[in-house]
Amino acid sequence: MINKDRPTKIKVLELLNVASLFVAFVIIGITHIVPPPLLEALRMPLYLRAVGIMLGIGWPLSLNIYHLVLSLVGLVIILNIISLRFFYSLYLRRITKISSVLGLFLLLFSGLFFSFSLTLWNKISLSNIETSIVYAAISFVMFVLDLKTLRAIRR
């Protein structure tokens with residue numbers, strides 16, 4: 001049963017998590033529908049190909065790591081949404097605590113990867129620098145949202 005008497009803070013966090021999942025689907029969908037070179041700053045595979053070579057990471061491996069991290073972060077967001085919806089379920093809160101810690105770890109290192117990629121600014125194209133800035137910002141925002149969710153769940 002959905003808890004209607006949840007605190008407003010929990011409802012807002014749930015809404016923000018749903019919005020972040022929706023935005024992720026929109027970004028992924030748009031980059032698959034709109035042909036290049038439009039929206040090049042949102043195209044992760046092009047970025048991974050360029051930066052991965054400079055960092056010594058092969059193309060298929062970097063794409064597989066990207067898909068794994070994207071899937072795990074998506075799972076963390078879904079678990080956060082479910083746990084916030086059923087806020088008074090202690091079982092779901094325990095699961096979400098574990099998944100949120102995993103999410104914090106993944107988002108922190110994703111943000112660091114994108115931020116450190118900016119040190120290659122003289123070796124990569126302007127669109128890859130834009131991609132790095134966009135996804136570093138997204139990683140930071142998602143990190144803060146996951147941290148806020150973890151703090152709300154812990155109480």
# chains A, B, ... in the order shown; residues from 1 in each chain; ligands from 1
$ select_by_dssp --residues "segment 15-150 of chain A" --states "alpha helix (DSSP H)" --output "ChimeraX atom specification"
/A:15-33,44-55,59-85,90-117,126-150
$ residues_around --residues "segment 21-26 of chain A" --least-positions-apart "2" --cutoff "10 Å" --atoms "only C-alpha atoms" --output "PDB file with C-alpha atoms, in the first residue's frame"
ATOM      1  CA  LEU A  15       9.473  13.285  -7.803  1.00  0.00           C
ATOM      2  CA  LEU A  16      13.089  14.332  -8.426  1.00  0.00           C
ATOM      3  CA  ASN A  17      14.158  10.705  -8.859  1.00  0.00           C
ATOM      4  CA  VAL A  18      11.316  10.086 -11.327  1.00  0.00           C
ATOM      5  CA  ALA A  19      12.262  13.274 -13.201  1.00  0.00           C
ATOM      6  CA  ILE A  28      19.159   8.461 -24.619  1.00  0.00           C
ATOM      7  CA  GLY A  29      16.154   8.491 -26.948  1.00  0.00           C
ATOM      8  CA  ILE A  30      16.980  11.814 -28.568  1.00  0.00           C
ATOM      9  CA  THR A  31      20.585  10.832 -29.256  1.00  0.00           C
ATOM     10  CA  HIS A  32      19.352   7.678 -31.005  1.00  0.00           C
ATOM     11  CA  LEU A  70      24.412   3.310 -16.838  1.00  0.00           C
ATOM     12  CA  VAL A  73      22.741   3.808 -11.874  1.00  0.00           C
ATOM     13  CA  GLY A  74      19.320   3.283 -13.487  1.00  0.00           C
ATOM     14  CA  LEU A  75      18.670   0.389 -11.098  1.00  0.00           C
ATOM     15  CA  ILE A  77      17.270   5.281  -9.242  1.00  0.00           C
ATOM     16  CA  ILE A  78      14.427   2.771  -9.660  1.00  0.00           C
ATOM     17  CA  ILE A  81      11.787   5.583  -6.348  1.00  0.00           C
ATOM     18  CA  ILE A 138      24.855  15.429 -14.551  1.00  0.00           C
TER      19      ILE A 138
END
$ residues_around --residues "Leu63 of chain A" --least-positions-apart "5" --cutoff "9 Å" --atoms "only C-alpha atoms" --output "list of chain:residue names"
A:Met44, A:Pro45, A:Leu48, A:Arg49, A:Gly58, A:Leu68
$ atom_distance --atom1 "atom CA of Phe143 of chain A" --atom2 "atom CA of Gly103 of chain A"
7.6 Å
$ atom_distance --atom1 "atom CA of Ala50 of chain A" --atom2 "atom CA of Asn128 of chain A"
7.8 Å
$ closest_residue --among "A:Leu39, A:Leu112, A:Ile27, A:Ile153" --to "Leu90 of chain A" --atoms "only C-alpha atoms"
A:Ile153
$ residues_around --residues "Val141 of chain A" --least-positions-apart "6" --cutoff "12 Å" --atoms "only C-alpha atoms" --output "ChimeraX atom specification"
/A:16-17,20,104,107-108,110-111,134-135,147-148
$ residues_around --residues "Ala136 of chain A" --least-positions-apart "3" --cutoff "6 Å" --atoms "only C-alpha atoms" --output "list of chain:residue names"
A:Gly111, A:Phe114, A:Ser115, A:Ser132, A:Ile133, A:Ser139
